[in-house]
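Structure first, then comments.
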Amino acid sequence: MTVTNLSNNHVTKCGKLLRDFPQQHLAPDAAEWRHAIDVITEFRSLHAAPMSSVRNGLGAMLRSKSLDLGAAAISQRHKRVERIVRKLQRMPQTSLHRLEDIGGCRVLLQRPEDLDALRTRIESRWTADFTREPRDYVENPKDIGYRAVHFVVKRHGRAIEIQLRTVGQQQWADELERLDGRLASRPIPDPSISLKDGLGPESIREYFAAAGAFIYHTEYGLDITADLLERLRLAQDAVVDAGYYARPKGT
Amino acid sequence: MPGVTVHFLLVYSHTAQKLIEQEQYTRIAEATAAYKAAEEKYRDRSDEFEVVLVGADSIGTVMRTHGHYFVNDSLFDKLLEAAANSKRTDFAVAI
């Protein structure tokens with residue numbers, strides 16, 4: 001079904017409905033709920049062309065002779081409806097049409113210096129397109145250990161998020177997503193666990209924080225202290241003891 | 001290749017820990033329509049299945065930027081091994 005009314009007000013209203021009634025059987029009016037889903041998916045599809053534009057621009061930067069980062073990987077993704085709704089629930093003051101990561105591009109860079117070079121290029125070329133200051137989660141990682149550099153740029157009137165990650169930062173994020181999915185698919189899932197949002201048992205949060213620090217120190221050529229190693233070992237033991245991971249072979 | 005976007009519609013089963021569907025589209029309208037249909041199909045089982053639409057120049061690129069849908073070797077094993085050896089080079093080789 002094609003939706004014709006995509007005014008900011010209407011998009012926001014539909015976002016609120018889905019935030020309050022994330023599943024159809026909870027909603028007072030099934031037809032209204034389905035309309036809200038149509039609106040949210042139509043609104044999301046408006047980000048496709050701006051996303052491609054940003055991805056192409058980033059690709060051109062990577063291929064430029066002065067950067068020579070052709071080995072980097074770059075992709076674009078539409079945020080899942082389920083994740084959009086969850087974000088609206090987590091940030092109730094934010095309206096749907098103001099979400100900045102409905103469409104996003106991710107660049108995977110081989111080395112920290114490659115990330116810094118691309119970051120500098122983006123900051124010199126696209127500053128006028130920024131909708132807010134860049135977020136440096138390498139310098140200031142999230143509590144759970146997430147590291148990356150995020151930008152939000154405006155293209156054709158739509159906000160598009162750009163994530164820059166090193167290989168190690170991506171491997172860390174892959175593992176977090178894998179565990180998040182594994183825990184959600186358990187016979188009796190705990191709805192309070194959402195590792196991507198930093199929510200979960202203390203042992204898991206500490207394990208990922210320690211692993212993130214270890215990867216960071218390794219990739220950025222920093223000292224790996226005895227304290228950091230001990231922290232990682234203790235955190236690993238804790239997640240094994242809690243049953244979130246099997247003990248690796250040979251240990 | 002510059003300018004070319006292939007849209008990959010992926011359905012990942014958390015239970016099976018692998019992709020159960022993988023379609024590709026070059027026309028964005030077809031890709032977003034298929035994405036919406038797949039989301040509807042799995043909406044009531046979103047704990048078990050993850051539906052995502054990722055665009056890139058090739059599936060090889062998606063495998064690098066969204067590795068958790070493709071590879072199941074755990075970073076955990078590599079980290080423990082590297083920590084046990086306490087050597088930076090072991091970890092560098094692992095990643």
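Order determines the names: the first chain of the structure tokens is A, the second B, and so forth; residues in each chain are numbered 1 upward, and ligands are numbered 1 upward as they are shown.
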
Need the shell around Arg231 in chain A: protein/DNA/RNA residues with any atom at most 12 Å away, counting only C-alpha atoms. Skip same-chain ones fewer than 2 positions apart. Format as a PyMOL selection string?
(chain A and resi 203+206-214+224-229+233-238) or (chain B and resi 80+83)

Do you know which residues are at most 12 Å from Asn56 in chain A counting only C-alpha atoms, after dropping those on the same chain fewer than 5 positions away, and could you put them as a list in words?
Ala49, Pro50, Met51, Met61, Leu62, Arg63, Ile74, Ser75, Gln76, Cys105, Arg106 and Val107 of chain A; Met1, Pro2, Gly3, Val4, Thr5, Gly55, Ala56 and Asp57 of chain B

May I have the selected residues written with N, CA and C atoms, as an mmCIF file, in the first residue's frame?
```
data_model
loop_
_atom_site.group_PDB
_atom_site.id
_atom_site.type_symbol
_atom_site.label_atom_id
_atom_site.label_comp_id
_atom_site.auth_asym_id
_atom_site.auth_seq_id
_atom_site.Cartn_x
_atom_site.Cartn_y
_atom_site.Cartn_z
ATOM 1 N N ALA A 49 17.633 6.894 -1.489
ATOM 2 C CA ALA A 49 18.455 7.672 -2.431
ATOM 3 C C ALA A 49 19.496 8.534 -1.700
ATOM 4 N N PRO A 50 19.116 9.236 -0.621
ATOM 5 C CA PRO A 50 20.141 9.982 0.122
ATOM 6 C C PRO A 50 21.268 9.082 0.648
ATOM 7 N N MET A 51 20.887 7.865 1.082
ATOM 8 C CA MET A 51 21.913 6.922 1.576
ATOM 9 C C MET A 51 22.896 6.557 0.472
ATOM 10 N N MET A 61 35.753 9.366 -1.810
ATOM 11 C CA MET A 61 36.838 9.779 -0.896
ATOM 12 C C MET A 61 37.841 8.643 -0.720
ATOM 13 N N LEU A 62 37.310 7.428 -0.520
ATOM 14 C CA LEU A 62 38.197 6.286 -0.274
ATOM 15 C C LEU A 62 39.098 6.005 -1.471
ATOM 16 N N ARG A 63 38.548 6.218 -2.665
ATOM 17 C CA ARG A 63 39.327 5.905 -3.877
ATOM 18 C C ARG A 63 40.266 7.031 -4.293
ATOM 19 N N ILE A 74 32.427 -0.556 2.305
ATOM 20 C CA ILE A 74 31.396 0.427 2.625
ATOM 21 C C ILE A 74 30.026 -0.102 2.214
ATOM 22 N N SER A 75 29.061 0.030 3.138
ATOM 23 C CA SER A 75 27.709 -0.455 2.844
ATOM 24 C C SER A 75 26.688 0.533 3.413
ATOM 25 N N GLN A 76 25.435 0.319 3.031
ATOM 26 C CA GLN A 76 24.352 1.156 3.539
ATOM 27 C C GLN A 76 23.239 0.245 4.028
ATOM 28 N N CYS A 105 25.200 4.591 6.708
ATOM 29 C CA CYS A 105 26.310 4.019 5.943
ATOM 30 C C CYS A 105 27.404 3.626 6.922
ATOM 31 N N ARG A 106 28.019 2.491 6.647
ATOM 32 C CA ARG A 106 29.115 2.018 7.510
ATOM 33 C C ARG A 106 30.376 1.829 6.674
ATOM 34 N N VAL A 107 31.470 2.368 7.172
ATOM 35 C CA VAL A 107 32.755 2.173 6.491
ATOM 36 C C VAL A 107 33.668 1.391 7.421
ATOM 37 N N MET B 1 32.661 -1.189 -8.032
ATOM 38 C CA MET B 1 32.480 -0.242 -9.138
ATOM 39 C C MET B 1 31.706 0.974 -8.623
ATOM 40 N N PRO B 2 32.146 2.164 -8.960
ATOM 41 C CA PRO B 2 31.472 3.361 -8.449
ATOM 42 C C PRO B 2 30.017 3.430 -8.893
ATOM 43 N N GLY B 3 29.169 3.813 -7.959
ATOM 44 C CA GLY B 3 27.791 4.095 -8.330
ATOM 45 C C GLY B 3 26.858 2.909 -8.349
ATOM 46 N N VAL B 4 27.374 1.697 -8.348
ATOM 47 C CA VAL B 4 26.501 0.533 -8.415
ATOM 48 C C VAL B 4 26.111 0.109 -7.006
ATOM 49 N N THR B 5 24.813 -0.035 -6.773
ATOM 50 C CA THR B 5 24.354 -0.523 -5.471
ATOM 51 C C THR B 5 23.543 -1.788 -5.686
ATOM 52 N N GLY B 55 22.771 -2.465 1.423
ATOM 53 C CA GLY B 55 23.223 -2.170 0.063
ATOM 54 C C GLY B 55 24.734 -2.007 0.015
ATOM 55 N N ALA B 56 25.339 -2.549 -1.030
ATOM 56 C CA ALA B 56 26.794 -2.434 -1.191
ATOM 57 C C ALA B 56 27.140 -2.783 -2.634
ATOM 58 N N ASP B 57 28.436 -2.729 -2.967
ATOM 59 C CA ASP B 57 28.823 -3.077 -4.334
ATOM 60 C C ASP B 57 28.809 -4.588 -4.549
#
```

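Closest approach to Gln110 in chain A from the set B:Arg64, B:Lys41, B:Phe70, B:Glu23 is made by B:Arg64, with distances taken over only C-alpha atoms.
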
At a cut-off of 9 Å, using only C-alpha atoms, what residues contact Gln169 in chain A? Leave out same-chain residues fewer than 4 positions from it and give the result as a ChimeraX atom specification.
/A:108,146-148,165,173-174,212,215-216

Could you please take those selected residues and save all heavy atoms as a PDB file, in the first residue's frame?
```
ATOM      1  N   LEU A 108      34.194   0.299   6.894  1.00  0.00           N
ATOM      2  CA  LEU A 108      35.106  -0.558   7.660  1.00  0.00           C
ATOM      3  C   LEU A 108      36.520  -0.300   7.167  1.00  0.00           C
ATOM      4  O   LEU A 108      36.801  -0.469   5.977  1.00  0.00           O
ATOM      5  CB  LEU A 108      34.717  -2.019   7.431  1.00  0.00           C
ATOM      6  CG  LEU A 108      35.514  -3.060   8.183  1.00  0.00           C
ATOM      7  CD1 LEU A 108      35.281  -2.931   9.677  1.00  0.00           C
ATOM      8  CD2 LEU A 108      35.112  -4.449   7.722  1.00  0.00           C
ATOM      9  N   TYR A 146      31.561   0.022  23.239  1.00  0.00           N
ATOM     10  CA  TYR A 146      31.370   0.325  21.812  1.00  0.00           C
ATOM     11  C   TYR A 146      32.309   1.437  21.374  1.00  0.00           C
ATOM     12  O   TYR A 146      32.427   2.464  22.034  1.00  0.00           O
ATOM     13  CB  TYR A 146      29.920   0.756  21.554  1.00  0.00           C
ATOM     14  CG  TYR A 146      29.662   1.152  20.120  1.00  0.00           C
ATOM     15  CD1 TYR A 146      29.451   0.180  19.145  1.00  0.00           C
ATOM     16  CD2 TYR A 146      29.638   2.487  19.724  1.00  0.00           C
ATOM     17  CE1 TYR A 146      29.226   0.538  17.814  1.00  0.00           C
ATOM     18  CE2 TYR A 146      29.407   2.853  18.409  1.00  0.00           C
ATOM     19  CZ  TYR A 146      29.209   1.869  17.460  1.00  0.00           C
ATOM     20  OH  TYR A 146      28.987   2.228  16.145  1.00  0.00           O
ATOM     21  N   ARG A 147      32.994   1.194  20.260  1.00  0.00           N
ATOM     22  CA  ARG A 147      33.904   2.203  19.696  1.00  0.00           C
ATOM     23  C   ARG A 147      33.634   2.379  18.203  1.00  0.00           C
ATOM     24  O   ARG A 147      33.479   1.398  17.472  1.00  0.00           O
ATOM     25  CB  ARG A 147      35.374   1.786  19.910  1.00  0.00           C
ATOM     26  CG  ARG A 147      35.851   1.993  21.340  1.00  0.00           C
ATOM     27  CD  ARG A 147      37.249   1.410  21.528  1.00  0.00           C
ATOM     28  NE  ARG A 147      37.784   1.719  22.856  1.00  0.00           N
ATOM     29  CZ  ARG A 147      37.462   1.061  23.963  1.00  0.00           C
ATOM     30  NH1 ARG A 147      36.596   0.069  23.923  1.00  0.00           N
ATOM     31  NH2 ARG A 147      37.990   1.392  25.130  1.00  0.00           N
ATOM     32  N   ALA A 148      33.608   3.606  17.771  1.00  0.00           N
ATOM     33  CA  ALA A 148      33.413   3.975  16.360  1.00  0.00           C
ATOM     34  C   ALA A 148      33.418   5.495  16.324  1.00  0.00           C
ATOM     35  O   ALA A 148      33.458   6.143  17.377  1.00  0.00           O
ATOM     36  CB  ALA A 148      32.076   3.447  15.828  1.00  0.00           C
ATOM     37  N   ARG A 165      34.374   2.448  11.397  1.00  0.00           N
ATOM     38  CA  ARG A 165      34.881   1.463  12.355  1.00  0.00           C
ATOM     39  C   ARG A 165      36.152   0.811  11.814  1.00  0.00           C
ATOM     40  O   ARG A 165      36.252   0.561  10.611  1.00  0.00           O
ATOM     41  CB  ARG A 165      33.852   0.344  12.598  1.00  0.00           C
ATOM     42  CG  ARG A 165      32.582   0.796  13.270  1.00  0.00           C
ATOM     43  CD  ARG A 165      31.621  -0.376  13.419  1.00  0.00           C
ATOM     44  NE  ARG A 165      30.367   0.027  14.057  1.00  0.00           N
ATOM     45  CZ  ARG A 165      29.306  -0.773  14.170  1.00  0.00           C
ATOM     46  NH1 ARG A 165      29.352  -2.011  13.683  1.00  0.00           N
ATOM     47  NH2 ARG A 165      28.202  -0.350  14.750  1.00  0.00           N
ATOM     48  N   ALA A 173      31.720  -5.476  17.561  1.00  0.00           N
ATOM     49  CA  ALA A 173      30.282  -5.220  17.362  1.00  0.00           C
ATOM     50  C   ALA A 173      29.580  -6.465  16.817  1.00  0.00           C
ATOM     51  O   ALA A 173      28.433  -6.759  17.195  1.00  0.00           O
ATOM     52  CB  ALA A 173      30.097  -4.034  16.411  1.00  0.00           C
ATOM     53  N   ASP A 174      30.253  -7.203  15.938  1.00  0.00           N
ATOM     54  CA  ASP A 174      29.672  -8.445  15.403  1.00  0.00           C
ATOM     55  C   ASP A 174      29.385  -9.429  16.540  1.00  0.00           C
ATOM     56  O   ASP A 174      28.345 -10.081  16.571  1.00  0.00           O
ATOM     57  CB  ASP A 174      30.632  -9.109  14.400  1.00  0.00           C
ATOM     58  CG  ASP A 174      30.572  -8.450  13.018  1.00  0.00           C
ATOM     59  OD1 ASP A 174      29.566  -7.808  12.705  1.00  0.00           O
ATOM     60  OD2 ASP A 174      31.552  -8.601  12.263  1.00  0.00           O
ATOM     61  N   GLY A 212      36.529  -4.764  24.576  1.00  0.00           N
ATOM     62  CA  GLY A 212      36.657  -3.552  23.759  1.00  0.00           C
ATOM     63  C   GLY A 212      37.949  -2.814  24.075  1.00  0.00           C
ATOM     64  O   GLY A 212      38.640  -2.332  23.173  1.00  0.00           O
ATOM     65  N   ILE A 215      40.937  -4.851  22.634  1.00  0.00           N
ATOM     66  CA  ILE A 215      41.037  -4.679  21.176  1.00  0.00           C
ATOM     67  C   ILE A 215      41.581  -3.290  20.844  1.00  0.00           C
ATOM     68  O   ILE A 215      42.448  -3.134  19.984  1.00  0.00           O
ATOM     69  CB  ILE A 215      39.646  -4.894  20.525  1.00  0.00           C
ATOM     70  CG1 ILE A 215      39.238  -6.353  20.648  1.00  0.00           C
ATOM     71  CG2 ILE A 215      39.654  -4.458  19.059  1.00  0.00           C
ATOM     72  CD1 ILE A 215      37.769  -6.605  20.298  1.00  0.00           C
ATOM     73  N   TYR A 216      41.076  -2.299  21.564  1.00  0.00           N
ATOM     74  CA  TYR A 216      41.532  -0.921  21.329  1.00  0.00           C
ATOM     75  C   TYR A 216      43.036  -0.795  21.571  1.00  0.00           C
ATOM     76  O   TYR A 216      43.771  -0.264  20.742  1.00  0.00           O
ATOM     77  CB  TYR A 216      40.760   0.028  22.249  1.00  0.00           C
ATOM     78  CG  TYR A 216      41.286   1.435  22.291  1.00  0.00           C
ATOM     79  CD1 TYR A 216      41.232   2.245  21.157  1.00  0.00           C
ATOM     80  CD2 TYR A 216      41.844   1.966  23.459  1.00  0.00           C
ATOM     81  CE1 TYR A 216      41.728   3.544  21.179  1.00  0.00           C
ATOM     82  CE2 TYR A 216      42.339   3.259  23.490  1.00  0.00           C
ATOM     83  CZ  TYR A 216      42.276   4.032  22.348  1.00  0.00           C
ATOM     84  OH  TYR A 216      42.773   5.314  22.377  1.00  0.00           O
TER      85      TYR A 216
END
```

Rounded to one decimal in Å, what is the spacing between CA of Gly198 in chain A and CA of Glu177 in chain A?
11.5 Å

What lies within 12 Å of Ala33 in chain B using only C-alpha atoms, ignoring chain neighbours under 6 positions off, as an mmCIF file with all heavy atoms, in the first residue's frame?
```cif
data_model
loop_
_atom_site.group_PDB
_atom_site.id
_atom_site.type_symbol
_atom_site.label_atom_id
_atom_site.label_comp_id
_atom_site.auth_asym_id
_atom_site.auth_seq_id
_atom_site.Cartn_x
_atom_site.Cartn_y
_atom_site.Cartn_z
ATOM 1 N N MET A 1 0.842 -1.197 0.000
ATOM 2 C CA MET A 1 0.000 0.000 0.000
ATOM 3 C C MET A 1 0.878 1.249 0.000
ATOM 4 O O MET A 1 1.819 1.356 0.775
ATOM 5 C CB MET A 1 -0.876 -0.003 1.256
ATOM 6 C CG MET A 1 -1.868 1.123 1.302
ATOM 7 S SD MET A 1 -3.026 0.850 2.656
ATOM 8 C CE MET A 1 -2.499 2.058 3.819
ATOM 9 N N THR A 2 0.600 2.172 -0.887
ATOM 10 C CA THR A 2 1.363 3.407 -0.920
ATOM 11 C C THR A 2 0.676 4.454 -0.056
ATOM 12 O O THR A 2 -0.524 4.658 -0.139
ATOM 13 C CB THR A 2 1.480 3.938 -2.362
ATOM 14 O OG1 THR A 2 2.069 2.936 -3.159
ATOM 15 C CG2 THR A 2 2.335 5.179 -2.415
ATOM 16 N N ASP A 38 2.723 1.017 7.544
ATOM 17 C CA ASP A 38 2.903 1.458 6.151
ATOM 18 C C ASP A 38 3.621 2.810 6.102
ATOM 19 O O ASP A 38 4.508 3.027 5.273
ATOM 20 C CB ASP A 38 1.546 1.570 5.442
ATOM 21 C CG ASP A 38 0.945 0.212 5.120
ATOM 22 O OD1 ASP A 38 1.712 -0.771 5.080
ATOM 23 O OD2 ASP A 38 -0.283 0.132 4.926
ATOM 24 N N THR A 41 7.385 2.452 7.047
ATOM 25 C CA THR A 41 8.209 1.820 6.001
ATOM 26 C C THR A 41 8.345 2.755 4.787
ATOM 27 O O THR A 41 9.417 2.813 4.173
ATOM 28 C CB THR A 41 7.632 0.460 5.568
ATOM 29 O OG1 THR A 41 6.237 0.587 5.325
ATOM 30 C CG2 THR A 41 7.842 -0.588 6.618
ATOM 31 N N GLU A 42 7.278 3.481 4.483
ATOM 32 C CA GLU A 42 7.355 4.444 3.369
ATOM 33 C C GLU A 42 8.337 5.569 3.714
ATOM 34 O O GLU A 42 9.157 5.968 2.891
ATOM 35 C CB GLU A 42 5.959 5.027 3.104
ATOM 36 C CG GLU A 42 5.865 5.860 1.855
ATOM 37 C CD GLU A 42 5.632 5.031 0.606
ATOM 38 O OE1 GLU A 42 5.424 3.813 0.733
ATOM 39 O OE2 GLU A 42 5.666 5.613 -0.488
ATOM 40 N N ARG A 44 10.810 5.368 5.739
ATOM 41 C CA ARG A 44 12.156 4.785 5.692
ATOM 42 C C ARG A 44 12.673 4.726 4.250
ATOM 43 O O ARG A 44 13.843 5.022 3.992
ATOM 44 C CB ARG A 44 12.123 3.378 6.305
ATOM 45 C CG ARG A 44 13.470 2.685 6.298
ATOM 46 C CD ARG A 44 13.391 1.322 6.944
ATOM 47 N NE ARG A 44 12.494 0.412 6.242
ATOM 48 C CZ ARG A 44 12.153 -0.782 6.655
ATOM 49 N NH1 ARG A 44 12.625 -1.228 7.811
ATOM 50 N NH2 ARG A 44 11.348 -1.557 5.962
ATOM 51 N N SER A 45 11.783 4.354 3.311
ATOM 52 C CA SER A 45 12.236 4.191 1.927
ATOM 53 C C SER A 45 12.672 5.527 1.316
ATOM 54 O O SER A 45 13.460 5.539 0.365
ATOM 55 C CB SER A 45 11.149 3.539 1.075
ATOM 56 O OG SER A 45 10.089 4.449 0.878
ATOM 57 N N HIS B 7 21.232 -4.356 -3.620
ATOM 58 C CA HIS B 7 20.525 -4.399 -2.334
ATOM 59 C C HIS B 7 20.315 -5.855 -1.942
ATOM 60 O O HIS B 7 19.686 -6.615 -2.691
ATOM 61 C CB HIS B 7 19.188 -3.664 -2.441
ATOM 62 C CG HIS B 7 19.347 -2.247 -2.872
ATOM 63 N ND1 HIS B 7 19.661 -1.231 -1.996
ATOM 64 C CD2 HIS B 7 19.277 -1.667 -4.100
ATOM 65 C CE1 HIS B 7 19.762 -0.090 -2.662
ATOM 66 N NE2 HIS B 7 19.534 -0.329 -3.936
ATOM 67 N N LEU B 9 18.718 -8.506 0.589
ATOM 68 C CA LEU B 9 17.713 -8.759 1.620
ATOM 69 C C LEU B 9 18.120 -10.046 2.333
ATOM 70 O O LEU B 9 18.198 -11.110 1.714
ATOM 71 C CB LEU B 9 16.325 -8.907 0.988
ATOM 72 C CG LEU B 9 15.186 -9.259 1.949
ATOM 73 C CD1 LEU B 9 14.961 -8.157 2.972
ATOM 74 C CD2 LEU B 9 13.893 -9.507 1.168
ATOM 75 N N TYR B 25 18.725 -7.404 -5.204
ATOM 76 C CA TYR B 25 17.964 -6.547 -6.110
ATOM 77 C C TYR B 25 18.850 -5.397 -6.564
ATOM 78 O O TYR B 25 19.681 -4.908 -5.796
ATOM 79 C CB TYR B 25 16.737 -5.956 -5.391
ATOM 80 C CG TYR B 25 15.824 -6.996 -4.776
ATOM 81 C CD1 TYR B 25 16.065 -7.475 -3.483
ATOM 82 C CD2 TYR B 25 14.739 -7.501 -5.480
ATOM 83 C CE1 TYR B 25 15.244 -8.440 -2.918
ATOM 84 C CE2 TYR B 25 13.909 -8.460 -4.927
ATOM 85 C CZ TYR B 25 14.174 -8.924 -3.646
ATOM 86 O OH TYR B 25 13.354 -9.882 -3.084
ATOM 87 N N ARG B 27 17.111 -2.833 -8.284
ATOM 88 C CA ARG B 27 16.147 -1.723 -8.256
ATOM 89 C C ARG B 27 15.679 -1.512 -6.826
ATOM 90 O O ARG B 27 15.158 -2.420 -6.184
ATOM 91 C CB ARG B 27 14.961 -2.033 -9.163
ATOM 92 C CG ARG B 27 15.339 -2.071 -10.646
ATOM 93 C CD ARG B 27 14.256 -2.773 -11.435
ATOM 94 N NE ARG B 27 12.970 -2.070 -11.312
ATOM 95 C CZ ARG B 27 12.547 -1.150 -12.172
ATOM 96 N NH1 ARG B 27 13.265 -0.848 -13.224
ATOM 97 N NH2 ARG B 27 11.391 -0.544 -11.997
ATOM 98 N N GLU B 39 9.605 -8.322 6.367
ATOM 99 C CA GLU B 39 9.390 -7.879 7.751
ATOM 100 C C GLU B 39 8.009 -8.305 8.242
ATOM 101 O O GLU B 39 7.849 -8.725 9.389
ATOM 102 C CB GLU B 39 9.548 -6.355 7.859
ATOM 103 C CG GLU B 39 10.988 -5.889 7.913
ATOM 104 C CD GLU B 39 11.110 -4.405 8.231
ATOM 105 O OE1 GLU B 39 10.385 -3.588 7.634
ATOM 106 O OE2 GLU B 39 11.949 -4.049 9.066
ATOM 107 N N GLU B 40 7.023 -8.203 7.351
ATOM 108 C CA GLU B 40 5.668 -8.611 7.745
ATOM 109 C C GLU B 40 5.602 -10.106 8.018
ATOM 110 O O GLU B 40 4.989 -10.555 8.986
ATOM 111 C CB GLU B 40 4.674 -8.220 6.646
ATOM 112 C CG GLU B 40 4.272 -6.758 6.755
ATOM 113 C CD GLU B 40 3.318 -6.306 5.654
ATOM 114 O OE1 GLU B 40 2.788 -7.176 4.934
ATOM 115 O OE2 GLU B 40 3.141 -5.095 5.529
ATOM 116 N N LEU B 53 17.951 -5.139 5.221
ATOM 117 C CA LEU B 53 18.253 -4.767 3.839
ATOM 118 C C LEU B 53 19.541 -3.951 3.840
ATOM 119 O O LEU B 53 19.593 -2.870 4.415
ATOM 120 C CB LEU B 53 17.108 -3.938 3.247
ATOM 121 C CG LEU B 53 17.247 -3.553 1.774
ATOM 122 C CD1 LEU B 53 17.213 -4.784 0.866
ATOM 123 C CD2 LEU B 53 16.145 -2.579 1.367
#
```

Considering only helix (DSSP H, G or I) as DSSP defines it on the backbone, what residues of range 98-244 of chain A qualify? List them as number ranges by chain.
A: 98, 112-125, 127-129, 167-184, 195-197, 202-219, 226-241

Using only C-alpha atoms, which residues sit within 12 Å of Glu161 in chain A once same-chain residues fewer than 6 positions away are excluded, as a PyMOL selection string?
chain A and resi 47+50-52+54-55+75-79+99-107+129-135+149-155

Residues as selected, N, CA and C atoms, written as a short mmCIF file (atom, residue, chain, number, x, y, z; two decimals), in the first residue's frame, can you do that?
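result_20.cif was written with the following content:
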```cif
data_model
loop_
_atom_site.label_atom_id
_atom_site.label_comp_id
_atom_site.auth_asym_id
_atom_site.auth_seq_id
_atom_site.Cartn_x
_atom_site.Cartn_y
_atom_site.Cartn_z
N HIS A 47 14.71 7.37 2.52
CA HIS A 47 16.13 7.54 2.85
C HIS A 47 17.05 6.78 1.90
N PRO A 50 19.12 9.24 -0.62
CA PRO A 50 20.14 9.98 0.12
C PRO A 50 21.27 9.08 0.65
N MET A 51 20.89 7.86 1.08
CA MET A 51 21.91 6.92 1.58
C MET A 51 22.90 6.56 0.47
N SER A 52 22.35 6.26 -0.73
CA SER A 52 23.22 5.91 -1.86
C SER A 52 24.13 7.08 -2.21
N VAL A 54 25.28 9.39 -0.16
CA VAL A 54 26.34 9.48 0.86
C VAL A 54 27.36 8.35 0.65
N ARG A 55 26.86 7.15 0.35
CA ARG A 55 27.77 6.02 0.16
C ARG A 55 28.69 6.28 -1.04
N SER A 75 29.06 0.03 3.14
CA SER A 75 27.71 -0.45 2.84
C SER A 75 26.69 0.53 3.41
N GLN A 76 25.44 0.32 3.03
CA GLN A 76 24.35 1.16 3.54
C GLN A 76 23.24 0.25 4.03
N ARG A 77 22.49 0.69 5.04
CA ARG A 77 21.41 -0.16 5.52
C ARG A 77 20.22 0.68 5.98
N HIS A 78 19.03 0.10 5.75
CA HIS A 78 17.80 0.71 6.25
C HIS A 78 17.57 0.14 7.64
N LYS A 79 17.30 0.98 8.60
CA LYS A 79 17.06 0.50 9.97
C LYS A 79 15.80 -0.36 9.99
N LEU A 99 14.51 11.15 13.93
CA LEU A 99 15.54 10.12 14.14
C LEU A 99 16.63 10.28 13.09
N GLU A 100 17.87 10.13 13.51
CA GLU A 100 18.99 10.44 12.62
C GLU A 100 19.63 9.21 11.99
N ASP A 101 19.13 8.04 12.34
CA ASP A 101 19.79 6.84 11.80
C ASP A 101 18.81 5.88 11.14
N ILE A 102 17.74 6.42 10.55
CA ILE A 102 16.81 5.58 9.78
C ILE A 102 17.58 4.98 8.60
N GLY A 103 18.45 5.81 8.02
CA GLY A 103 19.34 5.33 6.96
C GLY A 103 20.77 5.53 7.41
N GLY A 104 21.62 4.55 7.18
CA GLY A 104 22.99 4.67 7.64
C GLY A 104 24.00 4.04 6.70
N CYS A 105 25.20 4.59 6.71
CA CYS A 105 26.31 4.02 5.94
C CYS A 105 27.40 3.63 6.92
N ARG A 106 28.02 2.49 6.65
CA ARG A 106 29.11 2.02 7.51
C ARG A 106 30.38 1.83 6.67
N VAL A 107 31.47 2.37 7.17
CA VAL A 107 32.75 2.17 6.49
C VAL A 107 33.67 1.39 7.42
N ASP A 129 27.26 19.97 5.95
CA ASP A 129 26.11 19.05 5.91
C ASP A 129 25.82 18.42 7.28
N PHE A 130 26.72 18.64 8.25
CA PHE A 130 26.52 18.01 9.57
C PHE A 130 25.26 18.55 10.22
N THR A 131 24.47 17.65 10.81
CA THR A 131 23.31 18.12 11.57
C THR A 131 23.67 18.25 13.05
N ARG A 132 24.79 17.70 13.43
CA ARG A 132 25.30 17.87 14.80
C ARG A 132 26.78 17.53 14.80
N GLU A 133 27.43 17.76 15.92
CA GLU A 133 28.85 17.48 16.03
C GLU A 133 29.10 15.98 15.88
N PRO A 134 30.24 15.60 15.30
CA PRO A 134 30.58 14.17 15.23
C PRO A 134 30.66 13.58 16.63
N ARG A 135 30.34 12.28 16.72
CA ARG A 135 30.46 11.60 18.02
C ARG A 135 31.64 10.64 17.95
N VAL A 149 33.40 6.06 15.13
CA VAL A 149 33.18 7.50 14.99
C VAL A 149 31.91 7.67 14.16
N HIS A 150 30.97 8.47 14.68
CA HIS A 150 29.69 8.66 14.01
C HIS A 150 29.54 10.11 13.53
N PHE A 151 29.00 10.23 12.33
CA PHE A 151 28.59 11.53 11.81
C PHE A 151 27.12 11.44 11.42
N VAL A 152 26.45 12.58 11.40
CA VAL A 152 25.12 12.64 10.76
C VAL A 152 25.16 13.78 9.76
N VAL A 153 24.89 13.44 8.49
CA VAL A 153 24.88 14.47 7.45
C VAL A 153 23.49 14.54 6.83
N LYS A 154 23.16 15.67 6.29
CA LYS A 154 21.87 15.84 5.63
C LYS A 154 22.05 15.75 4.13
N ARG A 155 21.27 14.88 3.48
CA ARG A 155 21.29 14.76 2.03
C ARG A 155 19.85 14.78 1.53
#
```

Hey, which of A:Asp68, A:Asp20, A:Glu230, A:Glu219 ends up closest to Pro92 in chain A? Count only C-alpha atoms.
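Of A:Asp68, A:Asp20, A:Glu230, A:Glu219, the one nearest Pro92 in chain A, counting only C-alpha atoms, is A:Asp20.
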
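For the atom pair formed by CA of Gln163 in chain A and CA of Val138 in chain A, the distance is 11.6 Å, given to one decimal.
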
Do a neighbour search on Gln17 in chain B at 8 Å with only C-alpha atoms, toss out local chain neighbours closer than 3 positions, and write the hits as a list in words.
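Neighbouring residues, sequence-local ones excluded: Arg182 of chain A; Tyr12, Ser13, His14 and Asn72 of chain B.
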
Can you tell me which residues surround Ser95 in chain A at a distance of at most 12 Å, considering only C-alpha atoms, apart from same-chain residues fewer than 6 positions away, and format the answer as a PyMOL selection string?
chain A and resi 8-19+40+84-85+87-89

Rank B:Met63, B:Glu81, B:Val71, B:Asp47 by their smallest atom-to-atom distance to chain A, using only C-alpha atoms, and report the top residue only.
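Closest candidate: B:Asp47.
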
Work out how far apart CA of Val81 in chain A and CA of Thr32 in chain B are and give it in Å to one decimal.
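About the pair CA of Val81 in chain A and CA of Thr32 in chain B: they are 12.2 Å apart.
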